[in-house]
Amino acid sequence: MLSQEENELITRVGPGTPMGEVFRRFWLPAMLSSELTEPDCPPVRLRLLGEDLVAFRDTNGRPGVLAANCPHRGASLFFGRNEECGLRCVYHGWKFDVDGNCVDMPNEPPESNFKHKVQARAYPARDAGKVIWVYMGPHRPAPELPRLEWTLVPDENVYAHKRFQDCSWLQNVEGEVDSSHISFLHRSTGRNLGDATDVVQTQGAPRFSVLPTDYGLLIGAQRSASESTDYWRMTQFLLPSYTMIPARPGAYIDFTGAVPVDDDHMIGFTVAWRPDRPLSAEDVAKIESWDYVYAEVDQRTFRPVRNRENDYLIDRQVQRTESYTGIKGIRDQDHAVQEGMGPIVDRTAEHLGSADTAVIQVRRLLLSLVADVQAGREPYAAQHPEAYRVRSGDGMLPRDASFEEIARAYTAPVSAG
Amino acid sequence: MLSQEENELITRVGPGTPMGEVFRRFWLPAMLSSELTEPDCPPVRLRLLGEDLVAFRDTNGRPGVLAANCPHRGASLFFGRNEECGLRCVYHGWKFDVDGNCVDMPNEPPESNFKHKVQARAYPARDAGKVIWVYMGPHRPAPELPRLEWTLVPDENVYAHKRFQDCSWLQNVEGEVDSSHISFLHRSTGRNLGDATDVVQTQGAPRFSVLPTDYGLLIGAQRSASESTDYWRMTQFLLPSYTMIPARPGAYIDFTGAVPVDDDHMIGFTVAWRPDRPLSAEDVAKIESWDYVYAEVDQRTFRPVRNRENDYLIDRQVQRTESYTGIKGIRDQDHAVQEGMGPIVDRTAEHLGSADTAVIQVRRLLLSLVADVQAGREPYAAQHPEAYRVRSGDGMLPRDASFEEIARAYTAPVSAG
Amino acid sequence: MLSQEENELITRVGPGTPMGEVFRRFWLPAMLSSELTEPDCPPVRLRLLGEDLVAFRDTNGRPGVLAANCPHRGASLFFGRNEECGLRCVYHGWKFDVDGNCVDMPNEPPESNFKHKVQARAYPARDAGKVIWVYMGPHRPAPELPRLEWTLVPDENVYAHKRFQDCSWLQNVEGEVDSSHISFLHRSTGRNLGDATDVVQTQGAPRFSVLPTDYGLLIGAQRSASESTDYWRMTQFLLPSYTMIPARPGAYIDFTGAVPVDDDHMIGFTVAWRPDRPLSAEDVAKIESWDYVYAEVDQRTFRPVRNRENDYLIDRQVQRTESYTGIKGIRDQDHAVQEGMGPIVDRTAEHLGSADTAVIQVRRLLLSLVADVQAGREPYAAQHPEAYRVRSGDGMLPRDASFEEIARAYTAPVSAG
């Protein structure tokens with residue numbers, strides 16, 4: 001439970017907001033690399049942290065992200081001509097490179113020096129892990145990209161997925177770190193947790209252990225599997241709004257990222273990767289069955305096929321007999337509860353229990369970062385890309401295993417890259 | 001004509017508003033009983049007085065109305081599992097009975113006493129007259145249901161109809177008590193008033209008499225029918241926002257209720273009943289011709305087929321030659337003028353005449369109730385269900401009949417129940 | 001570049017706003033005469049300067065424009081009966097003539113004198129040039145209509161076109177007076193400028209000369225055509241928001257008007273006329289090819305077929321190879337940039353150069369008019385209809401031609417009328 005002031009503080013992300021300033025310290029996944037199909041391809045609209053932007057890929061293949069409105073008189077650069085290493089506004093032909101320099105201004109006399117006085121708002125952008133990342137913060141040069149394992153392995157090891165979600169990014173993050181809800185919301189929906197399935201489905205009250213780390217939090221959820229063993233699920237929360245949800249040994253690993261479009265809309269990224277080898281056809285088929293954490297989306301708009309307008313195609317008969325919700329996929333089930341809370345949930349009306357331990361810890365961490373940035377202290381993780389070289393996972397462990405011991409394995413840097 | 005302050009005061013109904021507090025003293029028709037098809041049927045979304053709610057029918061057949069958002073973390077209970085005498089949130093399995101008690105909390109350790117500290121916001125709900133009534137007020141136990149005749153007769157005597165209307169509830173109420181407009185808006189539209197049709201259609205300036213009553217107002221509209229007789233239409237206005245429009249002797253009687261969804265949306269209920277016997281197939285056929293006070297609605301959404309988006313399918317040729325409006329049914333004609341005023345009409349710009357006597361009286365009564373409730377005085381009618389045992393009607397009466405005499409018949413309790 | 005205060009001041013047009021008061025000094029094109037098809041035809045909804053109105057043509061063929069809501073209780077007069085020299089509200093039969101007089105009030109007793117105390121808000125309206133003009137200002141009698149040439153020639157000499165545009169009227173005006181953008185936005189789109197086409201398409205940096213006039217501004221844009229000649233384009237800006245864009249000798253002339261629906265929506269009028277003879281079938285065919293300044297619109301809604309929702313049907317392949325934008329018509333190209341700026345562009349973020357001279361001058365003129373009206377000084381042009389008897393045009397002129405000399409020809413009254 002937060003005060004209304006805290007809830008505003010932690011959720012608002014527009015220019016000048018305290019939490020918006022936190023987000024502007026980190027590289028953010030912004031779109032799929034494949035959306036900018038090739039050098040000089042058509043520009044694409046983008047909205048992040050309440051700012052309207054346009055993305056393009058220049059003649060050299062470099063991604064560029066500019067404020068959507070031309071600095072001349074505000075025409076949308078979306079309609080621009082992407083040509084010869086720059087995006088040209090169609091209104092009067094002003095042309096900008098990926099760094100925002102005005103490289104041509106053909107409607108002013110050649111002798112005019114005006115173009116050197118004009119700069120488009122440009123944000124550094126990079127391709128990594130089949131995703132285009134954007135840095136909207138104040139530092140130049142921008143910090144290094146976070147060394148997330150999936151951004152360092154070959155592209156064929158990676159599957160990257162994007163969707164729009166119509167609620168605050170924080171509602172999504174709180175779901176991702178909440179290991180308790182999978183015992184309910186996702187019960188009997190084909191999510192194969194191997195031997196642990198029964199444990200999770202019958203034990204709805206896991207014990208939580210949370211460890212603050214350089215990159216965020218390591219969250220352990222512990223359930224009794226037998227008299228002598230516990231089933232542990234280890235979730236990574238990575239600043240500012242990313243998670244790695246537990247993977248079974250031998251399976252691919254999943255990253256999720258909640259990136260604010262604005263206060264009450266977000267882009268959700270879900271990435272699968274194998275550290276050691278390409279994803280198999282079977283891996284991809286599983287992902288594209290859309291019954292796990294990958295939502296089926298309209299390929300043009302990235303809007304989920306099951307959505308609020310159609311009540312996620314809930315089937316009340318299936319809800320009665322087969323699954324807890326009657327909604328098809330894990331991700332769509334998450335959407336139903338997260339979007340169903342409304343654009344920004346009223347956190348003053350909550351009743352939090354021990355199962356909400358991770359949620360509470362994430363909020364505290366984010367509020368402390370807000371205070372840090374307001375006080376001029378840069379977030380450590382934003383400046384230390386190596387911190388992100390971790391994985392999530394699960395496992396059956398002896399009853400007397402200590403969280404500290406287990407945690408050591410999960411916070412040690414992984415090998416890739 | 002009201003001041004802007006009065007207009008705000010009398011129309012706003014959200015939590016904490018003065019008029020909202022008046023509405024929260026009364027049982028309100030909320031939905032059709034048939035929308036909750038059977039015990040443990042799927043829950044249904046509901047919005048009343050600016051509050052998002054969810055309605056369900058429990059295993060014992062009792063209707064329940066809860067705040068839409070789970071008190072845990074705000075997931076929508078609409079997606080909930082309705083099972084074993086309670087509605088269970090799909091996010092973490094918390095379960096609530098129709099009284100809002102948390103009867104299961106499976107994501108907390110059994111030894112935790114947390115579930116006894118949690119209560120969902122629940123409003124008393126009852127089936128009566130094929131309608132589900134909700135009481136959103138502060139008193140427990142809730143007062144008794146108003147003893148409206150149609151809630152006391154057998155179900156087969158009753159036809160209950162619901163529609164959404166996109167304007168303030170008060171615009172609808174003002175139309176219902178306004179006996180003057182039927183001479184114009186509804187002229188020549190197949191509304192058979194028997195011998196009185198000609199009288200109403202040719203005499204647009206009735207004389208109004210209004211009698212304050214325990215339940216609201218009795219409104220008489222008097223038109224000359226011949227040298228020695230007057231045609232009287234007696235409309236009942238029942239607090240907070242109900243009317244009984246005049247019925248011909250021998251015909252079924254009509255109740256209408258305007259229930260605020262929020263400040264500028266309402267649910268309209270129209271109920272036909274016969275005190276003495278089941279409605280006939282002919283009665284139902286007349287209702288379902290949709291040319292009287294029952295609008296043709298989409299059966300799934302309860303939105304009128306003729307609506308603002310399609311200009312109520314106005315036919316200008318018909319308007320020229322056959323009916324005053326060129327719009328098909330009486331109710332749709334009402335919608336055209338009431339929604340056409342805008343969400344909340346500007347009552348500071350009105351010009352009221354003697355034909356608006358009943359409208360003025362209704363406003364005064366409502367404003368006096370606002371003052372009463374603000375001063376801690378409970379509205380009499382809300383606490384005295386017997387007061388609602390009245391009927392409306394019309395009749396040809398000798399010229400020298402006195403309103404007081406006529407009124408005595410209409411304010412005496414009817415027999416049913 | 002304007003301050004935020006200036007940008008608000010110059011763009012807001014609702015009742016009581018300073019710029020709204022300026023607009024209310026001038027006759028405004030409001031709709032096509034053909035929308036009111038005949039005497040006693042169905043009324044038509046209209047929204048101008050943030051006011052909801054209804055237009056009708058009375059039995060004598062006179063156009064009338066009334067506030068949309070009946071002064072009685074606010075029902076929409078759109079549903080009214082247009083009959084016997086007045087528009088009758090269907091709610092209670094009140095009837096108003098084109099001057100707003102209440103000429104019948106059948107729901108009040110005949111002896112009541114109430115109808116003489118009621119007046120509908122009515123604005124003077126006139127047909128001229130196949131357009132209905134409305135005067136929403138304080139003066140009675142209203143001033144004379146501006147003596148624009150196309151309103152004085154026979155109807156067969158005129159083609160009048162209307163479209164809705166979803167942005168501030170000022171964004172459209174600024175495009176119309178901006179002779180620089182045609183070298184870019186409209187490059188290679190079939191706009192035949194005759195011998196001047198090459199000059200315009202290769203010379204994006206014209207020199208601007210601007211002359212203040214009685215009616216607004218005369219704007220000259222000068223480009224070198226050869227060693228000894230210049231190509232001049234002379235655009236007229238006429239208060240409050242009209243332009244005449246240059247015509248080639250022998251071709252029809254084009255008028256454009258940007259009329260505010262409200263702060264961020266406008267109606268765009270484009271009118272072609274020949275001073276001396278009827279438009280030819282060829283003229284009309286050219287207009288209705290929709291590749292020039294006339295947008296293809298839905299004939300019922302006047303919404304452009306190429307619009308924001310479908311990205312103006314931009315064809316990126318065509319943009320690469322054939323035209324600067326890949327969007328079909330000149331007008332649709334303008335829409336893309338003008339609507340793409342957003343509802344009201346942020347003029348504090350602009351970077352204006354010498355090519356924006358005319359834009360800057362128009363803003364200054366409008367701001368000075370705002371100050372005039374606030375100080376009680378009536379705009380000269382609004383009171384002097386003869387001032388509008390001018391034309392636009394272009395021409396090849398010797399290098400040493402002076403702007404003052406050229407201007408004299410364009411500011412002399414034209415013969416028609």
# chains A, B, ... in the order shown; residues from 1 in each chain; ligands from 1
call {"tool": "interface_residues", "arguments": {"of": "chain B", "to": "chain C", "cutoff": "7 Å", "atoms": "only C-alpha atoms", "output": "list in words"}}
result
Ser180, His181, Phe184, Leu185, Gly204, Ala205, Arg316, Tyr324, Thr325, Val337, Gln338, Gly340, Met341, Val345, Ala349, Glu350, His351, Leu352, Ser354 and Ala355 of chain B
call {"tool": "residues_around", "arguments": {"residues": "Arg121 in chain C", "least_positions_apart": "4", "cutoff": "7 Å", "atoms": "only C-alpha atoms", "output": "PyMOL selection string"}}
result
chain C and resi 66-67+100
call {"tool": "write_last_selection", "arguments": {"atoms": "C-alpha atoms", "output": "PDB file, in the first residue's frame"}}
result
ATOM      1  CA  LEU C  66     -29.238  29.195 -34.695  1.00  0.00           C
ATOM      2  CA  ALA C  67     -27.570  27.969 -31.527  1.00  0.00           C
ATOM      3  CA  GLY C 100     -34.133  33.918 -33.758  1.00  0.00           C
TER       4      GLY C 100
END
call {"tool": "atom_distance", "arguments": {"atom1": "CA of Asp276 in chain A", "atom2": "CA of Glu386 in chain A"}}
result
19.1 Å
call {"tool": "select_by_dssp", "arguments": {"residues": "range 149-203 of chain B", "states": "helix (DSSP H, G or I)", "output": "list in words"}}
result
Glu149, Trp150, Thr151, Asp155, Glu156, Asn157, Trp169, Leu170, Gln171, Asn172, Val173, Glu174, Gly175, Glu176, His181, Ile182, Ser183, Gly194, Asp195, Ala196, Thr197, Asp198, Val199, Val200, Gln201 and Thr202 of chain B
call {"tool": "atom_distance", "arguments": {"atom1": "CA of Ser289 in chain C", "atom2": "CA of Lys328 in chain C"}}
result
10.2 Å
call {"tool": "residues_around", "arguments": {"residues": "range 231-239 of chain A", "least_positions_apart": "6", "cutoff": "6 Å", "atoms": "only C-alpha atoms", "output": "JSON, numbers by chain"}}
result
{"A": [215, 216, 217, 218, 219, 220, 221, 222, 223, 225, 245, 246, 392, 393, 394, 395, 396]}
call {"tool": "write_last_selection", "arguments": {"atoms": "N, CA and C atoms", "output": "PDB file, in the first residue's frame"}}
result
ATOM      1  N   TYR A 215      22.293  -4.902  -9.597  1.00  0.00           N
ATOM      2  CA  TYR A 215      21.440  -4.673 -10.760  1.00  0.00           C
ATOM      3  C   TYR A 215      19.973  -4.521 -10.382  1.00  0.00           C
ATOM      4  N   GLY A 216      19.629  -4.880  -9.136  1.00  0.00           N
ATOM      5  CA  GLY A 216      18.228  -4.808  -8.729  1.00  0.00           C
ATOM      6  C   GLY A 216      17.957  -5.703  -7.545  1.00  0.00           C
ATOM      7  N   LEU A 217      17.203  -6.776  -7.792  1.00  0.00           N
ATOM      8  CA  LEU A 217      16.857  -7.706  -6.713  1.00  0.00           C
ATOM      9  C   LEU A 217      16.911  -9.141  -7.225  1.00  0.00           C
ATOM     10  N   LEU A 218      17.357 -10.035  -6.346  1.00  0.00           N
ATOM     11  CA  LEU A 218      17.190 -11.462  -6.602  1.00  0.00           C
ATOM     12  C   LEU A 218      16.067 -11.933  -5.684  1.00  0.00           C
ATOM     13  N   ILE A 219      15.042 -12.552  -6.283  1.00  0.00           N
ATOM     14  CA  ILE A 219      13.834 -12.921  -5.545  1.00  0.00           C
ATOM     15  C   ILE A 219      13.685 -14.431  -5.538  1.00  0.00           C
ATOM     16  N   GLY A 220      13.720 -15.021  -4.349  1.00  0.00           N
ATOM     17  CA  GLY A 220      13.524 -16.459  -4.241  1.00  0.00           C
ATOM     18  C   GLY A 220      12.150 -16.775  -3.687  1.00  0.00           C
ATOM     19  N   ALA A 221      11.454 -17.720  -4.336  1.00  0.00           N
ATOM     20  CA  ALA A 221      10.154 -18.184  -3.831  1.00  0.00           C
ATOM     21  C   ALA A 221      10.270 -19.679  -3.577  1.00  0.00           C
ATOM     22  N   GLN A 222      10.006 -20.066  -2.348  1.00  0.00           N
ATOM     23  CA  GLN A 222      10.311 -21.406  -1.856  1.00  0.00           C
ATOM     24  C   GLN A 222       9.016 -22.150  -1.517  1.00  0.00           C
ATOM     25  N   ARG A 223       8.864 -23.343  -2.089  1.00  0.00           N
ATOM     26  CA  ARG A 223       7.693 -24.175  -1.793  1.00  0.00           C
ATOM     27  C   ARG A 223       8.170 -25.573  -1.396  1.00  0.00           C
ATOM     28  N   ALA A 225       8.522 -29.330  -1.596  1.00  0.00           N
ATOM     29  CA  ALA A 225       8.284 -30.296  -2.667  1.00  0.00           C
ATOM     30  C   ALA A 225       8.112 -31.694  -2.096  1.00  0.00           C
ATOM     31  N   ILE A 245      12.399 -14.413 -15.653  1.00  0.00           N
ATOM     32  CA  ILE A 245      11.559 -15.351 -14.927  1.00  0.00           C
ATOM     33  C   ILE A 245      12.231 -16.709 -14.945  1.00  0.00           C
ATOM     34  N   PRO A 246      11.968 -17.549 -13.936  1.00  0.00           N
ATOM     35  CA  PRO A 246      12.704 -18.802 -13.788  1.00  0.00           C
ATOM     36  C   PRO A 246      12.574 -19.725 -14.997  1.00  0.00           C
ATOM     37  N   SER A 392      18.122 -16.273 -14.405  1.00  0.00           N
ATOM     38  CA  SER A 392      17.142 -16.782 -13.446  1.00  0.00           C
ATOM     39  C   SER A 392      17.140 -18.313 -13.536  1.00  0.00           C
ATOM     40  N   GLY A 393      16.279 -18.945 -12.742  1.00  0.00           N
ATOM     41  CA  GLY A 393      16.193 -20.397 -12.818  1.00  0.00           C
ATOM     42  C   GLY A 393      15.357 -20.964 -11.701  1.00  0.00           C
ATOM     43  N   ASP A 394      15.221 -22.285 -11.691  1.00  0.00           N
ATOM     44  CA  ASP A 394      14.518 -22.913 -10.582  1.00  0.00           C
ATOM     45  C   ASP A 394      15.247 -24.201 -10.214  1.00  0.00           C
ATOM     46  N   GLY A 395      14.792 -24.870  -9.183  1.00  0.00           N
ATOM     47  CA  GLY A 395      15.448 -26.119  -8.816  1.00  0.00           C
ATOM     48  C   GLY A 395      14.870 -26.741  -7.568  1.00  0.00           C
ATOM     49  N   MET A 396      15.064 -28.041  -7.459  1.00  0.00           N
ATOM     50  CA  MET A 396      14.712 -28.780  -6.257  1.00  0.00           C
ATOM     51  C   MET A 396      15.963 -28.798  -5.375  1.00  0.00           C
TER      52      MET A 396
END
call {"tool": "atom_distance", "arguments": {"atom1": "CA of Gly137 in chain C", "atom2": "CA of Met266 in chain C"}}
result
18.6 Å
call {"tool": "closest_residue", "arguments": {"among": "A:Glu339, A:Asn157, A:Arg47, A:Trp169", "to": "Asp283 in chain A", "atoms": "only C-alpha atoms"}}
result
A:Asn157
call {"tool": "select_by_dssp", "arguments": {"residues": "range 197-260 of chain A", "states": "strand (DSSP E)", "output": "ChimeraX atom specification"}}
result
/A:207-212,216-224,229-238,242-245,253-260
call {"tool": "residues_around", "arguments": {"residues": "Ala295 in chain A", "least_positions_apart": "4", "cutoff": "12 Å", "atoms": "only C-alpha atoms", "output": "JSON, numbers by chain"}}
result
{"A": [160, 161, 162, 163, 164, 165, 268, 269, 270, 271, 286, 287, 288, 289, 290, 291, 299, 302, 303, 304, 305, 306, 307, 312, 327, 328, 329, 330, 331, 332, 333, 334, 335, 336]}
